[in-house]
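Asker: Next comes the structure file start07.cif, holding mmCIF, C-alpha atoms (C1' of nucleotides).
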```cif
data_run
loop_
_atom_site.label_atom_id
_atom_site.label_comp_id
_atom_site.auth_asym_id
_atom_site.auth_seq_id
_atom_site.Cartn_x
_atom_site.Cartn_y
_atom_site.Cartn_z
CA MET A 1 114.90 130.73 88.23
CA ASP A 2 117.92 132.02 90.05
CA PHE A 3 117.02 129.44 92.59
CA LYS A 4 117.17 126.72 89.99
CA MET A 5 120.41 127.97 88.52
CA LYS A 6 121.96 127.66 91.90
CA LYS A 7 120.70 124.14 92.18
CA PHE A 8 122.34 123.35 88.89
CA ARG A 9 125.68 124.54 90.12
CA ASP A 10 125.32 122.77 93.40
CA ILE A 11 124.88 119.50 91.65
CA ASN A 12 127.93 119.80 89.38
CA LEU A 13 126.00 120.48 86.23
CA LYS A 14 127.55 122.94 83.88
CA LEU A 15 125.46 125.92 82.98
CA THR A 16 125.32 126.28 79.24
CA PRO A 17 123.23 128.65 77.15
CA GLN A 18 121.26 125.72 75.75
CA ARG A 19 120.44 124.42 79.19
CA LEU A 20 119.49 127.84 80.37
CA ALA A 21 117.14 128.22 77.44
CA ILE A 22 115.48 124.88 78.17
CA PHE A 23 115.32 125.87 81.77
CA GLU A 24 113.65 129.17 81.08
CA TYR A 25 111.20 127.53 78.74
CA LEU A 26 110.20 125.00 81.36
CA ASP A 27 110.04 127.41 84.26
CA ASP A 28 106.39 127.92 85.17
CA ASN A 29 105.38 126.10 82.03
CA LYS A 30 101.94 124.53 82.37
CA SER A 31 101.71 123.06 78.87
CA HIS A 32 103.22 119.65 79.61
CA PRO A 33 105.41 119.73 76.51
CA SER A 34 106.97 116.77 74.78
CA ALA A 35 110.68 116.58 73.97
CA GLU A 36 109.84 117.68 70.46
CA ASP A 37 107.86 120.69 71.67
CA ILE A 38 110.89 121.75 73.66
CA TYR A 39 113.30 121.07 70.83
CA LEU A 40 111.27 123.11 68.34
CA GLU A 41 110.97 126.02 70.73
CA ILE A 42 114.61 126.17 71.75
CA ARG A 43 115.69 125.80 68.14
CA LYS A 44 114.28 129.25 67.45
CA LYS A 45 117.02 130.73 69.56
CA TYR A 46 119.68 128.05 69.11
CA PRO A 47 119.19 126.63 65.63
CA THR A 48 121.92 124.04 66.04
CA ILE A 49 120.65 122.44 69.21
CA SER A 50 120.12 118.72 68.88
CA PHE A 51 117.55 116.37 70.29
CA ALA A 52 120.30 114.68 72.24
CA THR A 53 120.88 117.85 74.22
CA VAL A 54 117.21 118.19 74.98
CA TYR A 55 116.90 114.62 76.17
CA LYS A 56 120.06 114.82 78.21
CA THR A 57 118.95 118.00 79.91
CA LEU A 58 115.55 116.53 80.70
CA GLU A 59 117.24 113.49 82.16
CA ALA A 60 119.40 115.69 84.37
CA LEU A 61 116.40 117.66 85.59
CA LYS A 62 114.51 114.49 86.32
CA LYS A 63 117.36 113.13 88.39
CA GLN A 64 117.24 116.25 90.53
CA GLY A 65 113.53 115.96 91.05
CA LEU A 66 112.91 119.27 89.31
CA LEU A 67 110.93 117.69 86.54
CA LEU A 68 108.28 115.03 86.28
CA GLU A 69 108.00 112.67 83.35
CA LEU A 70 104.38 111.97 82.55
CA THR A 71 103.24 108.65 81.14
CA ILE A 72 99.75 109.68 80.25
CA ASP A 73 99.92 110.33 76.52
CA PRO A 74 100.51 106.95 74.86
CA GLU A 75 102.26 108.57 71.92
CA ARG A 76 105.08 110.36 73.64
CA ARG A 77 106.42 111.38 77.00
CA ARG A 78 105.38 114.70 78.44
CA TYR A 79 107.29 116.80 80.92
CA ASP A 80 105.95 118.68 83.89
CA PRO A 81 108.06 121.12 85.89
CA GLY A 82 105.38 121.19 88.54
CA THR A 83 106.86 120.17 91.81
CA GLU A 84 104.09 119.65 94.35
CA HIS A 85 101.89 116.62 94.19
CA HIS A 86 99.06 117.03 91.76
CA HIS A 87 96.96 115.18 89.22
CA HIS A 88 96.09 115.54 85.57
CA LEU A 89 93.14 115.88 83.27
CA ILE A 90 93.75 114.92 79.65
CA CYS A 91 91.58 115.64 76.64
CA ILE A 92 91.07 112.34 74.86
CA ASP A 93 90.89 114.19 71.56
CA CYS A 94 93.64 116.83 71.37
CA LYS A 95 95.70 115.35 74.24
CA LYS A 96 95.89 118.64 76.07
CA ILE A 97 96.84 118.15 79.70
CA VAL A 98 95.63 120.29 82.56
CA ASP A 99 96.85 120.23 86.15
CA ILE A 100 94.44 119.32 88.89
CA HIS A 101 95.48 120.60 92.25
CA ALA A 102 93.18 118.94 94.66
CA ASP A 103 93.56 116.58 97.52
CA PHE A 104 91.83 113.25 97.15
CA ARG A 105 91.56 110.54 99.75
CA VAL A 106 92.63 107.46 97.90
CA ASP A 107 93.87 104.99 100.44
CA VAL A 108 94.08 101.48 99.12
CA PRO A 109 92.36 98.99 101.41
CA GLU A 110 94.81 96.77 103.27
CA ASP A 111 93.62 93.58 101.64
CA ALA A 112 93.93 95.03 98.17
CA LYS A 113 97.49 96.18 98.47
CA GLY A 114 98.89 93.04 100.07
CA SER A 115 102.34 93.73 101.42
CA PHE A 116 103.17 96.35 98.88
CA GLU A 117 104.91 99.38 100.26
CA MET A 118 102.82 102.28 99.04
CA LEU A 119 104.79 105.28 97.82
CA GLY A 120 102.49 107.55 95.90
CA ASN A 121 99.65 107.93 93.49
CA HIS A 122 98.56 109.85 90.47
CA ILE A 123 95.06 110.29 89.15
CA GLU A 124 94.41 110.62 85.45
CA PHE A 125 91.11 112.17 84.53
CA TYR A 126 89.83 111.76 81.01
CA GLY A 127 87.54 114.14 79.29
CA LEU A 128 86.83 116.47 76.43
CA CYS A 129 88.19 119.98 76.53
CA PRO A 130 85.84 122.83 75.63
CA GLU A 131 87.41 123.29 72.20
CA CYS A 132 87.16 119.64 71.23
CA LYS A 133 83.67 119.39 72.64
CA LYS A 134 82.61 122.22 70.37
CA LYS A 135 84.12 120.51 67.31
CA GLY A 136 82.14 117.39 68.17
CA MET B 1 85.54 82.05 76.89
CA ASP B 2 82.65 80.66 74.94
CA PHE B 3 81.05 83.92 75.69
CA LYS B 4 83.91 85.80 74.12
CA MET B 5 84.02 83.54 71.10
CA LYS B 6 80.43 84.40 70.50
CA LYS B 7 81.26 88.05 70.73
CA PHE B 8 83.94 87.55 68.12
CA ARG B 9 81.48 86.08 65.65
CA ASP B 10 78.94 88.73 66.38
CA ILE B 11 81.36 91.39 65.37
CA ASN B 12 82.46 89.85 62.09
CA LEU B 13 85.87 88.78 63.20
CA LYS B 14 87.07 85.54 61.76
CA LEU B 15 88.04 82.93 64.25
CA THR B 16 91.53 81.76 63.54
CA PRO B 17 93.74 79.49 65.64
CA GLN B 18 96.14 82.34 66.30
CA ARG B 19 93.40 84.60 67.52
CA LEU B 20 91.92 81.89 69.65
CA ALA B 21 95.30 81.30 71.25
CA ILE B 22 95.71 84.98 72.04
CA PHE B 23 92.20 85.02 73.32
CA GLU B 24 92.71 82.08 75.60
CA TYR B 25 95.92 83.55 76.89
CA LEU B 26 94.24 86.83 77.73
CA ASP B 27 91.14 85.33 79.24
CA ASP B 28 91.23 85.90 82.98
CA ASN B 29 94.82 87.02 82.68
CA LYS B 30 95.80 89.33 85.51
CA SER B 31 99.43 89.84 84.52
CA HIS B 32 98.94 92.93 82.33
CA PRO B 33 101.18 91.56 79.58
CA SER B 34 102.91 93.57 76.89
CA ALA B 35 102.61 92.74 73.20
CA GLU B 36 105.94 90.98 73.45
CA ASP B 37 104.82 88.88 76.42
CA ILE B 38 101.86 87.74 74.38
CA TYR B 39 103.94 87.13 71.27
CA LEU B 40 106.48 85.01 73.15
CA GLU B 41 103.78 82.95 74.79
CA ILE B 42 101.73 82.28 71.67
CA ARG B 43 104.88 81.46 69.72
CA LYS B 44 105.29 78.36 71.83
CA LYS B 45 102.22 76.91 70.20
CA TYR B 46 102.41 78.75 66.88
CA PRO B 47 106.08 79.29 66.14
CA THR B 48 105.39 81.25 62.97
CA ILE B 49 103.07 83.85 64.43
CA SER B 50 104.22 87.38 63.83
CA PHE B 51 104.10 90.51 65.90
CA ALA B 52 101.78 92.04 63.34
CA THR B 53 99.16 89.43 64.12
CA VAL B 54 99.45 90.10 67.83
CA TYR B 55 99.10 93.84 67.41
CA LYS B 56 96.20 93.51 65.00
CA THR B 57 94.35 91.18 67.31
CA LEU B 58 94.90 93.49 70.25
CA GLU B 59 93.63 96.36 68.17
CA ALA B 60 90.51 94.43 67.31
CA LEU B 61 89.87 93.53 70.93
CA LYS B 62 90.35 97.12 71.98
CA LYS B 63 87.83 98.32 69.44
CA GLN B 64 85.27 95.98 70.93
CA GLY B 65 85.93 97.19 74.42
CA LEU B 66 87.09 93.75 75.51
CA LEU B 67 90.58 94.94 76.26
CA LEU B 68 92.13 97.96 77.91
CA GLU B 69 95.41 99.46 76.81
CA LEU B 70 97.36 100.69 79.80
CA THR B 71 99.69 103.67 79.58
CA ILE B 72 101.35 103.20 82.91
CA ASP B 73 104.66 101.58 82.07
CA PRO B 74 106.73 104.18 80.19
CA GLU B 75 108.62 101.47 78.31
CA ARG B 76 105.81 99.67 76.58
CA ARG B 77 102.06 99.33 76.42
CA ARG B 78 100.38 96.81 78.65
CA TYR B 79 97.08 95.08 78.05
CA ASP B 80 94.35 94.37 80.51
CA PRO B 81 91.39 92.14 79.71
CA GLY B 82 89.67 93.39 82.83
CA THR B 83 86.38 94.92 81.92
CA GLU B 84 84.92 96.70 84.93
CA HIS B 85 86.33 99.98 86.11
CA HIS B 86 89.35 99.54 88.31
CA HIS B 87 92.71 101.04 89.16
CA HIS B 88 96.31 99.87 89.24
CA LEU B 89 99.24 99.55 91.53
CA ILE B 90 102.64 99.36 89.86
CA CYS B 91 105.93 98.32 91.40
CA ILE B 92 108.42 101.04 90.56
CA ASP B 93 111.19 98.46 90.48
CA CYS B 94 110.02 95.35 88.58
CA LYS B 95 107.04 97.10 86.93
CA LYS B 96 104.61 94.46 88.07
CA ILE B 97 101.03 95.71 87.87
CA VAL B 98 98.27 94.71 90.28
CA ASP B 99 94.58 95.46 89.95
CA ILE B 100 92.91 97.58 92.58
CA HIS B 101 89.20 97.05 92.74
CA ALA B 102 87.95 99.76 94.97
CA ASP B 103 85.65 102.67 94.61
CA PHE B 104 87.18 106.07 95.22
CA ARG B 105 85.37 109.37 95.28
CA VAL B 106 87.47 111.54 93.06
CA ASP B 107 85.24 114.31 91.80
CA VAL B 108 87.16 117.20 90.36
CA PRO B 109 86.05 120.52 91.81
CA GLU B 110 84.07 122.62 89.35
CA ASP B 111 86.59 125.41 89.22
CA ALA B 112 89.45 123.02 88.52
CA LYS B 113 87.89 121.29 85.57
CA GLY B 114 86.65 124.41 83.80
CA SER B 115 84.21 123.41 81.09
CA PHE B 116 85.82 120.07 80.42
CA GLU B 117 83.38 117.26 79.94
CA MET B 118 84.52 114.62 82.38
CA LEU B 119 84.45 111.08 81.07
CA GLY B 120 86.45 108.89 83.39
CA ASN B 121 89.43 108.46 85.62
CA HIS B 122 92.16 106.06 86.47
CA ILE B 123 94.33 106.00 89.55
CA GLU B 124 97.91 104.81 89.40
CA PHE B 125 99.40 103.80 92.70
CA TYR B 126 103.16 103.50 92.97
CA GLY B 127 104.95 101.27 95.37
CA LEU B 128 107.36 98.46 96.00
CA CYS B 129 106.16 94.90 95.72
CA PRO B 130 107.10 92.46 98.49
CA GLU B 131 109.74 90.77 96.33
CA CYS B 132 111.48 94.00 95.35
CA LYS B 133 111.22 95.35 98.88
CA LYS B 134 113.08 92.29 100.10
CA LYS B 135 115.83 92.76 97.53
CA GLY B 136 116.20 96.34 98.72
"C1'" DT C 1 145.11 131.57 80.80
"C1'" DA C 2 145.80 126.52 81.06
"C1'" DT C 3 143.96 122.33 82.29
"C1'" DT C 4 140.43 119.31 83.26
"C1'" DT C 5 136.17 117.66 82.53
"C1'" DA C 6 131.57 117.77 81.09
"C1'" DA C 7 128.44 119.21 77.35
"C1'" DG C 8 127.08 119.90 72.53
"C1'" DG C 9 125.95 118.20 68.17
"C1'" DA C 10 125.81 115.01 64.36
"C1'" DT C 11 124.54 110.76 63.57
"C1'" DA C 12 123.87 105.92 64.23
"C1'" DA C 13 121.49 102.48 66.95
"C1'" DT C 14 117.61 100.66 69.31
"C1'" DC C 15 113.05 99.49 70.39
"C1'" DA C 16 108.10 99.55 70.16
"C1'" DT C 17 104.59 100.03 67.03
"C1'" DT C 18 102.42 100.57 62.44
"C1'" DA C 19 102.06 99.84 57.48
"C1'" DT C 20 102.48 97.00 53.23
"C1'" DG C 21 101.72 93.29 50.10
"C1'" DG C 22 101.61 88.76 48.38
"C1'" DA C 23 100.43 83.96 49.89
"C1'" DT C 24 97.13 81.48 52.51
"C1'" DT C 25 93.02 80.39 54.99
"C1'" DT C 26 88.32 81.06 56.28
"C1'" DT C 27 83.65 81.89 55.24
"C1'" DA C 28 79.57 81.58 52.78
"C1'" DA C 29 77.18 80.27 48.91
"C1'" DA C 30 76.42 77.35 44.97
"C1'" DT D 1 81.78 69.39 48.80
"C1'" DT D 2 83.76 72.93 45.57
"C1'" DT D 3 84.74 77.39 44.79
"C1'" DA D 4 84.90 82.44 44.79
"C1'" DA D 5 85.35 86.42 47.70
"C1'" DA D 6 87.06 88.40 51.56
"C1'" DA D 7 89.77 88.61 55.45
"C1'" DT D 8 93.89 87.03 57.78
"C1'" DC D 9 98.62 85.59 58.09
"C1'" DC D 10 103.30 86.51 58.14
"C1'" DA D 11 107.57 88.50 56.53
"C1'" DT D 12 109.48 92.60 56.18
"C1'" DA D 13 109.95 97.41 55.64
"C1'" DA D 14 108.77 101.91 57.54
"C1'" DT D 15 108.10 105.03 61.20
"C1'" DG D 16 108.80 107.61 65.30
"C1'" DA D 17 110.45 108.24 69.88
"C1'" DT D 18 114.29 107.65 72.66
"C1'" DT D 19 119.08 106.32 73.68
"C1'" DA D 20 123.99 105.66 72.65
"C1'" DT D 21 128.39 106.96 70.52
"C1'" DC D 22 132.10 109.76 69.55
"C1'" DC D 23 134.54 113.61 68.41
"C1'" DT D 24 134.68 118.61 68.92
"C1'" DT D 25 133.88 122.49 71.78
"C1'" DA D 26 132.89 125.07 75.81
"C1'" DA D 27 132.58 125.74 80.98
"C1'" DA D 28 134.65 125.61 85.49
"C1'" DT D 29 138.35 126.34 88.37
"C1'" DA D 30 142.85 126.99 90.02
#
```
Can you dump the structure from the file as structure tokens?
Answerer:
Amino acid sequence: MDFKMKKFRDINLKLTPQRLAIFEYLDDNKSHPSAEDIYLEIRKKYPTISFATVYKTLEALKKQGLLLELTIDPERRRYDPGTEHHHHLICIDCKKIVDIHADFRVDVPEDAKGSFEMLGNHIEFYGLCPECKKKG
Amino acid sequence: MDFKMKKFRDINLKLTPQRLAIFEYLDDNKSHPSAEDIYLEIRKKYPTISFATVYKTLEALKKQGLLLELTIDPERRRYDPGTEHHHHLICIDCKKIVDIHADFRVDVPEDAKGSFEMLGNHIEFYGLCPECKKKG
DNA sequence: TATTTAAGGATAATCATTATGGATTTTAAA
DNA sequence: TTTAAAATCCATAATGATTATCCTTAAATA
């Protein structure tokens, strides 16, 4: 976290208590929270924080490449502080998201990609988590 | 298309001109249109059609498995009448989406998936399309 | 500590999507 | 055909997530 604080300063972002709280909450967070999840959590400590602050902080983190915005839950955006390349498994029922750290060979055949310049990939796995499977 | 019309009847959906127009537009459509794209197109022929009708028709098609709802463009939902399993390549600039029909082995290691019941997967490739690459 | 400059917070605006409800059209049956 | 029942249409309002605005306040730095 110290490491990240430094990065903040380096990039001309002011360090405020609200940002630090968001930062701490996200650090090592594997729950892929939505903006609302973050807002509700931080509000416990800073009851006057507004959604605007949350969104603006997320935007800043994204710009620095410290945060990934996931487009996997159709209902809302999810945020992932994970930094190395990985994939996701989502429960189609409760929408829980789990990281998948594994290396897959997924090279698009030349004829399929045309003259696209390929930059990256992301695999979404769909399934039922143990809890939801139990419920039926 | 006849084939799909039959399906419509089979499933107790009334055939209306608006629905037929949406249907025709989607048939063999590889452009992954948004609801607005569809609305704007159909409006040329049926100037009074409303967004509600578009969304309800899309919903009906989804329920029958004739249409896939893509959560790949963070700004809006895209629709894909493609029926067999395939993946997508999206231009990070213009958001164009291209189908990738290829078979990838992407089996999640046992330890990574826990006791999830795996149901499917979808690979998103990111890149720059030829047009956007040219523009820089 | 003073000055500059960005951030915070309240709130309004926007945009995609969903819900509502009365008028209209389709379907199916007489 | 004619008609009754049911589903659809469309206009519009409601919702919910995200973004923009604007004024006040706080952080950085000399």
Asker: Which one of A:Glu131, A:Glu36, A:Glu110, A:Glu69 sits closest to chain D if you count all atoms listed in the file?
Answerer: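 Result for the nearest residue to chain D: A:Glu36.
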Asker: Evaluate the PyMOL selection byres ((chain C) within 9 of (chain A)) on the structure here and hand back the selected residues as a list in words.
Answerer: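 Those residues are DA6, DA7, DG8, DG9 and DA10 of chain C.
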Asker: Quick check, in Å to one decimal: how far apart do atom CA of Pro74 of chain B and atom CA of Pro47 of chain B lie?
Answerer: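 Taking atom CA of Pro74 of chain B as the start and atom CA of Pro47 of chain B as the end point, the length is 28.6 Å.
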Asker: From the set D:DT19, D:DT24, D:DT12, D:DT29, which residue has the shortest atom-to-atom contact distance to chain A, counting all atoms listed in the file?
Answerer: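 The answer is D:DT19, which sits nearest to chain A.
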Asker: Residues of chain B within 7 Å of chain A, counting only C-alpha atoms, what are they? List them as a VMD selection string.
Answerer: chain B and resid 71 to 72 74 100 104 106 112 115 to 130
Asker: So which residues touch Leu66 of chain B within 10 Å, counting only C-alpha atoms (C1' of nucleotides), skipping near sequence neighbours fewer than 2 positions away, as an MDAnalysis selection string?
Answerer: chainID B and resid 4 7 58 60:64 68 80:83
Asker: Counting only C-alpha atoms (C1' of nucleotides), which residues of chain D come no farther than 12 Å from chain B, as a ChimeraX atom specification?
Answerer: /D:6-12,17-18
Asker: With C-alpha atoms (C1' of nucleotides) retained, could you export that selection as a CSV table (one decimal), in the frame of the given file?
Answerer:
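The new file again.csv reads:
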```csv
chain,number,residue,atom,x,y,z
D,6,DA,C1',87.1,88.4,51.6
D,7,DA,C1',89.8,88.6,55.4
D,8,DT,C1',93.9,87.0,57.8
D,9,DC,C1',98.6,85.6,58.1
D,10,DC,C1',103.3,86.5,58.1
D,11,DA,C1',107.6,88.5,56.5
D,12,DT,C1',109.5,92.6,56.2
D,17,DA,C1',110.4,108.2,69.9
D,18,DT,C1',114.3,107.6,72.7
```
Asker: Find the distance between atom CA of Arg78 of chain B and atom CA of Pro17 of chain B and write it in Å to one decimal.
Answerer: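 Atom-to-atom, atom CA of Arg78 of chain B and atom CA of Pro17 of chain B are spaced 22.7 Å apart.
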Asker: Could you tell me which residues the PyMOL selection byres ((chain D and resi 13) around 12) returns for this structure, as a list in words?
Answerer: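 Output from the PyMOL selection byres ((chain D and resi 13) around 12), applied to this file: DT18, DA19, DT20 and DG21 of chain C; DA11, DT12, DA14 and DT15 of chain D.
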Asker: One decimal, Å: what's the distance from atom CA of Lys96 of chain A over to atom CA of Tyr79 of chain A, could you say?
Answerer: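 Calculated distance between atom CA of Lys96 of chain A and atom CA of Tyr79 of chain A is 12.5 Å.
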Asker: If you apply the PyMOL selection byres ((chain C and resi 12) around 12) to this file, what residues do you get, as a PyMOL selection string?
Answerer: (chain C and resi 10-11+13-14) or (chain D and resi 19-22)
Asker: Take the residues from that selection and write them out as a PDB file, in the coordinates of the input, keeping C-alpha atoms (C1' of nucleotides).
Answerer:
```
ATOM      1  C1'  DA C  10     125.810 115.010  64.360  1.00  0.00           C
ATOM      2  C1'  DT C  11     124.540 110.760  63.570  1.00  0.00           C
ATOM      3  C1'  DA C  13     121.490 102.480  66.950  1.00  0.00           C
ATOM      4  C1'  DT C  14     117.610 100.660  69.310  1.00  0.00           C
TER       5       DT C  14
ATOM      6  C1'  DT D  19     119.080 106.320  73.680  1.00  0.00           C
ATOM      7  C1'  DA D  20     123.990 105.660  72.650  1.00  0.00           C
ATOM      8  C1'  DT D  21     128.390 106.960  70.520  1.00  0.00           C
ATOM      9  C1'  DC D  22     132.100 109.760  69.550  1.00  0.00           C
TER      10       DC D  22
END
```
